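Below is the file input-v2.pdb, which contains PDB, C-alpha atoms.
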```
MODEL        1
ATOM      1  CA  MET A   1      60.841 -87.470 -96.660
ATOM      2  CA  SER A   2      62.030 -85.705 -93.499
ATOM      3  CA  ALA A   3      65.505 -84.255 -93.551
ATOM      4  CA  VAL A   4      66.999 -85.646 -90.313
ATOM      5  CA  VAL A   5      70.635 -85.073 -89.436
ATOM      6  CA  PRO A   6      72.190 -88.199 -87.831
ATOM      7  CA  GLY A   7      72.438 -87.807 -84.060
ATOM      8  CA  ARG A   8      70.008 -84.875 -83.951
ATOM      9  CA  LYS A   9      66.452 -84.998 -82.647
ATOM     10  CA  TRP A  10      63.738 -84.654 -85.305
ATOM     11  CA  ASP A  11      62.694 -81.027 -85.710
ATOM     12  CA  ALA A  12      59.516 -80.076 -87.590
ATOM     13  CA  ARG A  13      61.129 -76.811 -88.695
ATOM     14  CA  TYR A  14      63.493 -78.708 -90.955
ATOM     15  CA  ALA A  15      61.227 -81.596 -91.952
ATOM     16  CA  GLY A  16      60.087 -80.073 -95.259
ATOM     17  CA  PRO A  17      61.715 -78.723 -98.411
ATOM     18  CA  VAL A  18      61.775 -75.140 -97.037
ATOM     19  CA  PRO A  19      63.457 -74.573 -93.631
ATOM     20  CA  HIS A  20      61.212 -72.805 -91.137
ATOM     21  CA  ASP A  21      63.760 -70.309 -89.865
ATOM     22  CA  THR A  22      63.304 -66.752 -88.627
ATOM     23  CA  ALA A  23      63.038 -65.434 -92.193
ATOM     24  CA  TYR A  24      60.296 -67.973 -92.941
ATOM     25  CA  TYR A  25      58.215 -66.915 -89.933
ATOM     26  CA  ALA A  26      58.760 -63.232 -90.775
ATOM     27  CA  LYS A  27      57.447 -63.776 -94.308
ATOM     28  CA  CYS A  28      54.424 -65.682 -92.976
ATOM     29  CA  THR A  29      53.769 -62.821 -90.548
ATOM     30  CA  LEU A  30      53.794 -60.287 -93.385
ATOM     31  CA  GLY A  31      51.549 -62.570 -95.424
ATOM     32  CA  GLY A  32      49.098 -62.591 -92.504
ATOM     33  CA  VAL A  33      49.091 -58.783 -92.389
ATOM     34  CA  LEU A  34      48.146 -58.620 -96.071
ATOM     35  CA  ALA A  35      45.632 -61.464 -95.889
ATOM     36  CA  CYS A  36      43.633 -60.170 -92.919
ATOM     37  CA  GLY A  37      44.069 -56.394 -93.126
ATOM     38  CA  LEU A  38      43.156 -55.982 -96.795
ATOM     39  CA  THR A  39      40.226 -58.390 -96.827
ATOM     40  CA  HIS A  40      38.546 -57.090 -93.674
ATOM     41  CA  ALA A  41      38.935 -53.486 -94.830
ATOM     42  CA  ALA A  42      37.470 -54.357 -98.247
ATOM     43  CA  ILE A  43      34.247 -55.721 -96.736
ATOM     44  CA  THR A  44      33.721 -52.879 -94.255
ATOM     45  CA  PRO A  45      30.250 -52.102 -95.732
ATOM     46  CA  LEU A  46      29.099 -55.689 -95.121
ATOM     47  CA  ASP A  47      30.548 -55.678 -91.623
ATOM     48  CA  ASN A  48      28.896 -52.341 -90.901
ATOM     49  CA  VAL A  49      25.446 -53.665 -91.812
ATOM     50  CA  LYS A  50      26.038 -56.965 -89.996
ATOM     51  CA  CYS A  51      26.964 -55.212 -86.733
ATOM     52  CA  ASN A  52      23.883 -52.972 -86.927
ATOM     53  CA  MET A  53      21.635 -55.960 -87.652
ATOM     54  CA  GLN A  54      22.950 -57.574 -84.469
ATOM     55  CA  VAL A  55      22.533 -54.464 -82.315
ATOM     56  CA  ASN A  56      19.188 -53.266 -83.734
ATOM     57  CA  PRO A  57      17.527 -56.108 -85.692
ATOM     58  CA  ALA A  58      14.161 -54.351 -85.741
ATOM     59  CA  LYS A  59      15.597 -51.439 -87.739
ATOM     60  CA  TYR A  60      18.213 -53.210 -89.871
ATOM     61  CA  ARG A  61      16.264 -56.187 -91.209
ATOM     62  CA  GLY A  62      18.536 -57.422 -93.975
ATOM     63  CA  LEU A  63      21.725 -56.793 -95.907
ATOM     64  CA  VAL A  64      20.245 -54.686 -98.707
ATOM     65  CA  GLY A  65      17.696 -52.956 -96.506
ATOM     66  CA  GLY A  66      20.251 -52.297 -93.791
ATOM     67  CA  MET A  67      22.699 -50.787 -96.248
ATOM     68  CA  ARG A  68      19.950 -48.608 -97.706
ATOM     69  CA  THR A  69      18.972 -47.404 -94.224
ATOM     70  CA  ILE A  70      22.544 -46.404 -93.359
ATOM     71  CA  MET A  71      23.047 -44.571 -96.647
ATOM     72  CA  THR A  72      19.685 -42.791 -96.429
ATOM     73  CA  GLU A  73      20.191 -41.599 -92.857
ATOM     74  CA  GLU A  74      23.926 -40.860 -92.909
ATOM     75  CA  GLY A  75      24.994 -40.549 -96.552
ATOM     76  CA  ALA A  76      26.634 -42.918 -99.029
ATOM     77  CA  ARG A  77      30.074 -42.701 -97.393
ATOM     78  CA  ALA A  78      28.667 -43.896 -94.058
ATOM     79  CA  ILE A  79      28.780 -47.539 -95.118
ATOM     80  CA  TRP A  80      32.589 -47.228 -94.898
ATOM     81  CA  LYS A  81      32.514 -46.074 -91.270
ATOM     82  CA  GLY A  82      35.222 -47.792 -89.263
ATOM     83  CA  TRP A  83      37.402 -48.770 -92.219
ATOM     84  CA  PHE A  84      40.658 -47.547 -90.649
ATOM     85  CA  PRO A  85      40.409 -49.310 -87.258
ATOM     86  CA  THR A  86      39.326 -52.358 -89.253
ATOM     87  CA  LEU A  87      42.425 -52.174 -91.463
ATOM     88  CA  ALA A  88      44.808 -51.495 -88.578
ATOM     89  CA  GLY A  89      43.250 -53.952 -86.147
ATOM     90  CA  TYR A  90      42.984 -56.913 -88.495
ATOM     91  CA  SER A  91      46.450 -56.283 -89.929
ATOM     92  CA  ALA A  92      47.832 -56.628 -86.398
ATOM     93  CA  GLN A  93      45.661 -59.653 -85.759
ATOM     94  CA  GLY A  94      46.705 -61.285 -89.034
ATOM     95  CA  ALA A  95      50.386 -60.857 -88.218
ATOM     96  CA  PHE A  96      50.005 -62.862 -85.010
ATOM     97  CA  LYS A  97      47.384 -65.281 -86.359
ATOM     98  CA  TYR A  98      49.416 -66.577 -89.297
ATOM     99  CA  GLY A  99      52.955 -65.982 -88.077
ATOM    100  CA  LEU A 100      52.389 -67.582 -84.692
ATOM    101  CA  TYR A 101      50.322 -70.412 -86.186
ATOM    102  CA  GLU A 102      53.313 -71.495 -88.235
ATOM    103  CA  PHE A 103      55.544 -71.151 -85.159
ATOM    104  CA  PHE A 104      53.267 -73.036 -82.745
ATOM    105  CA  LYS A 105      52.494 -75.732 -85.320
ATOM    106  CA  ASP A 106      56.207 -76.457 -85.662
ATOM    107  CA  THR A 107      56.785 -76.203 -81.909
ATOM    108  CA  TYR A 108      54.012 -78.626 -80.966
ATOM    109  CA  SER A 109      54.948 -81.037 -83.772
ATOM    110  CA  THR A 110      58.543 -81.124 -82.547
ATOM    111  CA  MET A 111      57.384 -81.709 -78.963
ATOM    112  CA  LEU A 112      55.297 -84.693 -80.086
ATOM    113  CA  GLY A 113      57.994 -86.202 -82.277
ATOM    114  CA  GLU A 114      57.808 -87.235 -85.913
ATOM    115  CA  GLU A 115      55.492 -90.239 -85.511
ATOM    116  CA  ASN A 116      53.009 -88.628 -83.109
ATOM    117  CA  ALA A 117      53.045 -85.335 -85.018
ATOM    118  CA  ALA A 118      51.782 -87.196 -88.075
ATOM    119  CA  LYS A 119      49.336 -89.282 -86.030
ATOM    120  CA  TYR A 120      47.832 -86.316 -84.193
ATOM    121  CA  LYS A 121      48.102 -83.766 -86.992
ATOM    122  CA  GLY A 122      44.579 -82.453 -86.404
ATOM    123  CA  LEU A 123      45.316 -81.810 -82.734
ATOM    124  CA  VAL A 124      48.454 -79.899 -83.706
ATOM    125  CA  TRP A 125      46.445 -77.709 -86.083
ATOM    126  CA  CYS A 126      43.882 -76.950 -83.358
ATOM    127  CA  ALA A 127      46.423 -76.257 -80.625
ATOM    128  CA  GLY A 128      48.613 -74.140 -82.899
ATOM    129  CA  SER A 129      45.751 -71.985 -84.163
ATOM    130  CA  ALA A 130      44.217 -71.528 -80.687
ATOM    131  CA  SER A 131      47.567 -70.464 -79.229
ATOM    132  CA  ALA A 132      48.177 -68.011 -82.056
ATOM    133  CA  GLU A 133      44.706 -66.491 -81.801
ATOM    134  CA  PHE A 134      45.070 -65.931 -78.055
ATOM    135  CA  PHE A 135      47.816 -63.394 -78.739
ATOM    136  CA  ALA A 136      46.266 -62.102 -81.969
ATOM    137  CA  ASP A 137      43.122 -60.999 -80.136
ATOM    138  CA  ILE A 138      45.102 -58.985 -77.594
ATOM    139  CA  ALA A 139      46.478 -56.990 -80.535
ATOM    140  CA  LEU A 140      43.036 -56.689 -82.141
ATOM    141  CA  CYS A 141      40.846 -55.855 -79.134
ATOM    142  CA  PRO A 142      41.365 -52.064 -78.720
ATOM    143  CA  LEU A 143      40.844 -51.379 -82.413
ATOM    144  CA  GLU A 144      37.880 -53.737 -82.622
ATOM    145  CA  MET A 145      36.206 -51.859 -79.779
ATOM    146  CA  VAL A 146      36.710 -48.563 -81.616
ATOM    147  CA  LYS A 147      35.399 -50.038 -84.878
ATOM    148  CA  VAL A 148      32.204 -51.443 -83.361
ATOM    149  CA  LYS A 149      31.490 -48.237 -81.429
ATOM    150  CA  VAL A 150      31.935 -46.124 -84.569
ATOM    151  CA  GLN A 151      29.702 -48.390 -86.649
ATOM    152  CA  THR A 152      26.836 -49.006 -84.224
ATOM    153  CA  SER A 153      26.425 -45.721 -82.323
ATOM    154  CA  VAL A 154      23.352 -43.629 -83.063
ATOM    155  CA  PRO A 155      24.395 -41.097 -85.737
ATOM    156  CA  GLY A 156      25.727 -37.915 -84.195
ATOM    157  CA  THR A 157      26.374 -39.415 -80.732
ATOM    158  CA  PHE A 158      29.911 -40.698 -81.334
ATOM    159  CA  PRO A 159      32.797 -39.485 -83.550
ATOM    160  CA  THR A 160      33.467 -41.367 -86.771
ATOM    161  CA  SER A 161      37.024 -40.158 -87.440
ATOM    162  CA  PHE A 162      39.658 -42.474 -85.992
ATOM    163  CA  GLY A 163      41.562 -40.038 -83.772
ATOM    164  CA  ALA A 164      38.457 -38.485 -82.266
ATOM    165  CA  ALA A 165      36.860 -41.915 -81.755
ATOM    166  CA  VAL A 166      39.899 -43.228 -79.865
ATOM    167  CA  ALA A 167      39.992 -40.102 -77.693
ATOM    168  CA  LYS A 168      36.273 -40.381 -76.898
ATOM    169  CA  ILE A 169      36.204 -44.096 -76.095
ATOM    170  CA  SER A 170      39.355 -43.724 -74.003
ATOM    171  CA  ALA A 171      37.948 -40.762 -72.067
ATOM    172  CA  ASP A 172      34.842 -42.838 -71.255
ATOM    173  CA  ARG A 173      36.845 -45.959 -70.332
ATOM    174  CA  ALA A 174      35.050 -46.319 -66.985
ATOM    175  CA  VAL A 175      31.930 -47.124 -69.012
ATOM    176  CA  THR A 176      33.370 -48.499 -72.261
ATOM    177  CA  ARG A 177      36.040 -50.626 -70.511
ATOM    178  CA  PHE A 178      38.474 -49.620 -73.241
ATOM    179  CA  PRO A 179      40.969 -50.988 -74.324
ATOM    180  CA  PHE A 180      40.361 -54.615 -73.307
ATOM    181  CA  GLY A 181      36.751 -54.706 -72.152
ATOM    182  CA  SER A 182      35.739 -56.885 -75.097
ATOM    183  CA  LEU A 183      38.697 -59.250 -74.872
ATOM    184  CA  VAL A 184      36.870 -62.177 -73.239
ATOM    185  CA  PRO A 185      33.976 -62.225 -75.727
ATOM    186  CA  LEU A 186      36.518 -61.609 -78.493
ATOM    187  CA  TRP A 187      38.423 -64.714 -77.393
ATOM    188  CA  SER A 188      35.084 -66.550 -77.238
ATOM    189  CA  ARG A 189      34.379 -65.523 -80.823
ATOM    190  CA  GLN A 190      37.801 -65.647 -82.419
ATOM    191  CA  ILE A 191      39.441 -68.711 -80.881
ATOM    192  CA  PRO A 192      36.667 -71.149 -81.961
ATOM    193  CA  TYR A 193      36.537 -69.291 -85.297
ATOM    194  CA  THR A 194      40.284 -69.603 -85.864
ATOM    195  CA  VAL A 195      40.480 -73.232 -84.743
ATOM    196  CA  ALA A 196      37.684 -74.044 -87.201
ATOM    197  CA  LYS A 197      39.302 -71.877 -89.874
ATOM    198  CA  PHE A 198      42.680 -73.583 -89.725
ATOM    199  CA  PHE A 199      41.514 -77.119 -88.938
ATOM    200  CA  PHE A 200      38.863 -77.334 -91.660
ATOM    201  CA  PHE A 201      41.099 -75.535 -94.140
ATOM    202  CA  GLU A 202      43.898 -78.036 -93.582
ATOM    203  CA  LYS A 203      41.414 -80.935 -93.744
ATOM    204  CA  ALA A 204      39.879 -79.602 -96.969
ATOM    205  CA  VAL A 205      43.295 -79.226 -98.594
ATOM    206  CA  GLN A 206      44.161 -82.737 -97.422
ATOM    207  CA  PHE A 207      40.910 -84.042 -98.930
ATOM    208  CA  PHE A 208      41.534 -82.404-102.307
ATOM    209  CA  TYR A 209      45.072 -83.728-102.614
ATOM    210  CA  SER A 210      44.122 -87.201-101.364
ATOM    211  CA  ASN A 211      40.916 -87.712-103.356
ATOM    212  CA  VAL A 212      40.697 -85.284-106.276
ATOM    213  CA  PHE A 213      44.179 -84.081-107.218
ATOM    214  CA  THR A 214      45.974 -87.281-106.334
ATOM    215  CA  ALA A 215      49.314 -86.710-108.123
ATOM    216  CA  PRO A 216      52.179 -85.221-106.078
ATOM    217  CA  LYS A 217      51.288 -81.662-105.079
ATOM    218  CA  GLU A 218      54.352 -80.141-106.743
ATOM    219  CA  THR A 219      53.272 -81.496-110.148
ATOM    220  CA  TYR A 220      50.266 -79.168-110.256
ATOM    221  CA  SER A 221      50.538 -75.582-111.468
ATOM    222  CA  LYS A 222      50.597 -72.721-108.992
ATOM    223  CA  GLY A 223      47.203 -71.656-110.340
ATOM    224  CA  THR A 224      45.699 -75.052-109.533
ATOM    225  CA  GLN A 225      47.262 -75.095-106.073
ATOM    226  CA  LEU A 226      45.923 -71.616-105.325
ATOM    227  CA  GLY A 227      42.473 -72.639-106.618
ATOM    228  CA  ILE A 228      42.512 -75.505-104.112
ATOM    229  CA  THR A 229      43.559 -73.009-101.456
ATOM    230  CA  PHE A 230      40.583 -70.726-102.194
ATOM    231  CA  ALA A 231      38.022 -73.549-102.323
ATOM    232  CA  SER A 232      39.320 -74.970 -99.054
ATOM    233  CA  GLY A 233      39.326 -71.545 -97.414
ATOM    234  CA  TYR A 234      35.761 -70.758 -98.486
ATOM    235  CA  SER A 235      34.492 -74.099 -97.164
ATOM    236  CA  ALA A 236      36.224 -73.513 -93.847
ATOM    237  CA  GLY A 237      34.844 -69.973 -93.668
ATOM    238  CA  VAL A 238      31.217 -71.100 -93.749
ATOM    239  CA  ILE A 239      31.831 -73.367 -90.760
ATOM    240  CA  CYS A 240      33.730 -70.588 -88.979
ATOM    241  CA  ALA A 241      30.831 -68.161 -89.332
ATOM    242  CA  ILE A 242      28.332 -70.546 -87.749
ATOM    243  CA  VAL A 243      30.642 -71.554 -84.877
ATOM    244  CA  SER A 244      31.612 -68.023 -83.855
ATOM    245  CA  HIS A 245      28.413 -66.068 -84.558
ATOM    246  CA  PRO A 246      26.873 -65.994 -81.040
ATOM    247  CA  ALA A 247      30.034 -64.501 -79.524
ATOM    248  CA  ASP A 248      30.297 -62.060 -82.440
ATOM    249  CA  THR A 249      26.786 -60.838 -81.644
ATOM    250  CA  ILE A 250      27.742 -60.319 -77.989
ATOM    251  CA  VAL A 251      30.722 -58.170 -79.049
ATOM    252  CA  SER A 252      28.399 -55.978 -81.129
ATOM    253  CA  LEU A 253      25.735 -55.743 -78.411
ATOM    254  CA  MET A 254      28.280 -54.578 -75.825
ATOM    255  CA  SER A 255      28.611 -51.269 -77.682
ATOM    256  CA  LYS A 256      24.885 -50.536 -77.332
ATOM    257  CA  PRO A 257      24.222 -47.750 -74.762
ATOM    258  CA  ALA A 258      21.404 -49.777 -73.163
ATOM    259  CA  ASN A 259      23.887 -52.537 -72.303
ATOM    260  CA  LYS A 260      26.369 -50.376 -70.403
ATOM    261  CA  GLY A 261      27.525 -52.111 -67.234
ATOM    262  CA  LYS A 262      25.789 -55.408 -68.037
ATOM    263  CA  GLY A 263      27.592 -58.735 -67.935
ATOM    264  CA  PHE A 264      27.883 -61.078 -70.903
ATOM    265  CA  GLY A 265      25.328 -63.508 -69.477
ATOM    266  CA  GLN A 266      22.732 -60.818 -68.865
ATOM    267  CA  ILE A 267      23.125 -59.424 -72.378
ATOM    268  CA  ALA A 268      22.753 -62.915 -73.867
ATOM    269  CA  THR A 269      19.656 -63.701 -71.787
ATOM    270  CA  GLU A 270      17.927 -60.428 -72.611
ATOM    271  CA  PHE A 271      18.648 -60.646 -76.334
ATOM    272  CA  GLY A 272      17.724 -64.322 -76.535
ATOM    273  CA  TYR A 273      19.995 -67.253 -77.296
ATOM    274  CA  LEU A 274      18.258 -68.048 -80.587
ATOM    275  CA  ASN A 275      18.725 -64.442 -81.678
ATOM    276  CA  LEU A 276      22.396 -64.610 -80.715
ATOM    277  CA  ALA A 277      22.859 -67.553 -83.041
ATOM    278  CA  THR A 278      20.750 -66.342 -85.972
ATOM    279  CA  LYS A 279      20.492 -62.530 -86.241
ATOM    280  CA  GLY A 280      22.777 -61.417 -89.047
ATOM    281  CA  LEU A 281      24.003 -64.982 -89.626
ATOM    282  CA  GLY A 282      23.208 -65.077 -93.354
ATOM    283  CA  THR A 283      25.181 -61.908 -93.966
ATOM    284  CA  ARG A 284      28.022 -63.197 -91.824
ATOM    285  CA  VAL A 285      28.157 -66.552 -93.663
ATOM    286  CA  LEU A 286      28.433 -64.697 -96.976
ATOM    287  CA  MET A 287      30.990 -62.313 -95.530
ATOM    288  CA  ILE A 288      33.153 -64.846 -93.675
ATOM    289  CA  GLY A 289      33.063 -67.504 -96.404
ATOM    290  CA  THR A 290      34.304 -65.044 -99.003
ATOM    291  CA  LEU A 291      36.659 -63.423 -96.524
ATOM    292  CA  THR A 292      38.285 -66.676 -95.418
ATOM    293  CA  GLY A 293      38.690 -67.944 -98.970
ATOM    294  CA  LEU A 294      40.352 -64.679-100.012
ATOM    295  CA  GLN A 295      42.537 -64.595 -96.898
ATOM    296  CA  TRP A 296      43.963 -68.020 -97.565
ATOM    297  CA  TRP A 297      44.386 -67.197-101.269
ATOM    298  CA  ILE A 298      46.282 -63.958-100.503
ATOM    299  CA  TYR A 299      48.374 -65.674 -97.835
ATOM    300  CA  ASP A 300      49.338 -68.605-100.062
ATOM    301  CA  SER A 301      49.897 -66.313-103.056
ATOM    302  CA  PHE A 302      52.342 -64.292-100.972
ATOM    303  CA  LYS A 303      54.030 -67.469 -99.726
ATOM    304  CA  THR A 304      54.333 -68.691-103.316
ATOM    305  CA  ILE A 305      55.904 -65.398-104.447
ATOM    306  CA  MET A 306      58.348 -65.689-101.548
ATOM    307  CA  GLY A 307      59.255 -69.222-102.614
ATOM    308  CA  LEU A 308      57.618 -70.908 -99.612
ATOM    309  CA  GLY A 309      54.924 -72.856-101.469
ATOM    310  CA  THR A 310      51.230 -73.195-100.587
ATOM    311  CA  THR A 311      49.878 -74.424 -97.256
ATOM    312  CA  GLY A 312      48.896 -78.014 -96.559
ATOM    313  CA  GLY A 313      48.928 -81.257 -98.513
ATOM    314  CA  LYS A 314      48.134 -84.944 -98.141
TER     315      LYS A 314
ENDMDL
END
```

Before we go any further, please render this structure as structure tokens.
Amino acid sequence: MSAVVPGRKWDARYAGPVPHDTAYYAKCTLGGVLACGLTHAAITPLDNVKCNMQVNPAKYRGLVGGMRTIMTEEGARAIWKGWFPTLAGYSAQGAFKYGLYEFFKDTYSTMLGEENAAKYKGLVWCAGSASAEFFADIALCPLEMVKVKVQTSVPGTFPTSFGAAVAKISADRAVTRFPFGSLVPLWSRQIPYTVAKFFFFEKAVQFFYSNVFTAPKETYSKGTQLGITFASGYSAGVICAIVSHPADTIVSLMSKPANKGKGFGQIATEFGYLNLATKGLGTRVLMIGTLTGLQWWIYDSFKTIMGLGTTGGK
């Protein structure tokens, strides 16, 4: 039941049991930092192999084989190349992604009004997540460019330490287009990914509480609620990986020396559109499914600890 004060316009921020005030958004922002930064950093080895499979599929033919190749040529620690820009970049992205999603979701719901907000809930989820990701990618882009360059450069041709890598890519900005040269393909990858991530997550949660766990949400234990969160997040992640994979491949290919100065369309044509959609996809499905499930679980766990409850419902 919405808490509406007589004489005051309905406001989505105060429609639930927990007011969505500045403190609420701040906590969601911190939850996003933890959810995205920690999970992306933890799967750096998978991401490293995936990026190399996209850039040089003839050499890096699979997850296990690709990891073995990297370790044989560069040493066991090389599979962790790029972990720091990954941690920093995705922490910044997560702050905007989750914090602004909550903000835009409330803002757009309030603009529509109580009845239309409920009627067009899916549209609100899509618009809120797309708006949030637009700003999140601006924060991510410079660090993502550093990460990909560190991971995919021929060994010995580019620094692997963070400070030296930033200095090098910045010094060569006329060629690398640092810091925002990859922003357009990043938007092309991340906005569809995030819209799918949030929309299908919310729909999956809605499905579980409407068809499987049909009692009031608050009657279930926190463990059960967080289990629903993880299952919904994993399901959404698989869809996300498929939707965003071609643009993700473009981002990786842009760091290849042979593609310097080429436009996105030329790179896509030369690599092949089927290859864009399939090279490294299996690894990315495994990576993004697990990643998205864990992200939502960490985010909702943090929200639960903060007394905000889990995301979504009937």

Subject >> Picked residues, the PyMOL selection byres ((chain A and resi 292-301) around 9), as a PyMOL selection string >> reply: chain A and resi 28+30-36+38-39+98+197+201+222+226-238+240+287-291+302-306+308-311

Original post:
Given the file above and the PyMOL selection byres ((chain A and resi 19-26) around 10), which residues are selected, and can you give them as a VMD selection string?
Top reply: chain A and resid 3 11 to 18 27 to 32 95 98 to 103 106 303 306 to 308

Put those residues in a file: C-alpha atoms, as a tab-separated table (two decimals), in the frame of the given file.
```tsv
chain	number	residue	atom	x	y	z
A	3	ALA	CA	65.50	-84.26	-93.55
A	11	ASP	CA	62.69	-81.03	-85.71
A	12	ALA	CA	59.52	-80.08	-87.59
A	13	ARG	CA	61.13	-76.81	-88.70
A	14	TYR	CA	63.49	-78.71	-90.96
A	15	ALA	CA	61.23	-81.60	-91.95
A	16	GLY	CA	60.09	-80.07	-95.26
A	17	PRO	CA	61.72	-78.72	-98.41
A	18	VAL	CA	61.78	-75.14	-97.04
A	27	LYS	CA	57.45	-63.78	-94.31
A	28	CYS	CA	54.42	-65.68	-92.98
A	29	THR	CA	53.77	-62.82	-90.55
A	30	LEU	CA	53.79	-60.29	-93.38
A	31	GLY	CA	51.55	-62.57	-95.42
A	32	GLY	CA	49.10	-62.59	-92.50
A	95	ALA	CA	50.39	-60.86	-88.22
A	98	TYR	CA	49.42	-66.58	-89.30
A	99	GLY	CA	52.96	-65.98	-88.08
A	100	LEU	CA	52.39	-67.58	-84.69
A	101	TYR	CA	50.32	-70.41	-86.19
A	102	GLU	CA	53.31	-71.50	-88.24
A	103	PHE	CA	55.54	-71.15	-85.16
A	106	ASP	CA	56.21	-76.46	-85.66
A	303	LYS	CA	54.03	-67.47	-99.73
A	306	MET	CA	58.35	-65.69	-101.55
A	307	GLY	CA	59.26	-69.22	-102.61
A	308	LEU	CA	57.62	-70.91	-99.61
```

Original post:
Do you know which residues the PyMOL selection byres ((chain A and resi 89) around 8) returns on this file, as a list of chain:residue names?
Top reply: A:Gly37, A:Pro85, A:Thr86, A:Leu87, A:Ala88, A:Tyr90, A:Ser91, A:Ala92, A:Gln93, A:Ala139, A:Leu140, A:Cys141, A:Pro142, A:Leu143, A:Glu144

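Taking atom CA of A:Phe162 and atom CA of A:Ile191 as the two end points, the separation is 26.7 Å.
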
Original post:
Using all atoms listed in the file, which residues sit within 10 Å of A:Ile79 once same-chain residues fewer than 3 positions away are excluded, as a ChimeraX atom specification?
Top reply: /A:43-49,66-71,74-76,82-83,151

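For the pair atom CA of A:Glu218 and atom CA of A:Leu112, the separation is 27.1 Å.
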
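Atom CA of A:Val195 sits 5.2 Å away from atom CA of A:Cys126.
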
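Using all atoms listed in the file, the contacts of A:Val148 at a cut-off of 7 Å, with sequence neighbours closer than 4 positions omitted, comprise Glu144, Thr152, Ser252 and Ser255 of chain A.
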
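Using all atoms listed in the file for every distance, the candidate list A:Ala277, A:Ala78, A:Lys314, A:Thr110 yields A:Lys314 as the residue closest to A:Ala204.
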
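Distances to A:Ile138 were evaluated for A:Gly312, A:Gly181, A:Gly156, A:Pro246 using all atoms listed in the file, and the minimum falls at A:Gly181.
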
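Between A:Lys81 and the residues A:Phe158, A:Tyr193, A:Phe213, A:Phe178, the shortest atom-to-atom distance, using all atoms listed in the file, involves A:Phe158.
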
**OP:** Name the closest residue to A:Asn56 among the candidates A:Gly223, A:Ala174, A:Lys203, A:Asn275; distances are taken between atoms, counting all atoms listed in the file.
**Re:** A:Asn275

**OP:** Please determine the residues with any atom at most 12 Å from (22.1, -61.0, -73.9) (coordinates as given in the file, with only C-alpha atoms counting) and report them as a PyMOL selection string.
**Re:** chain A and resi 54-55+246-254+256+258-260+262-277
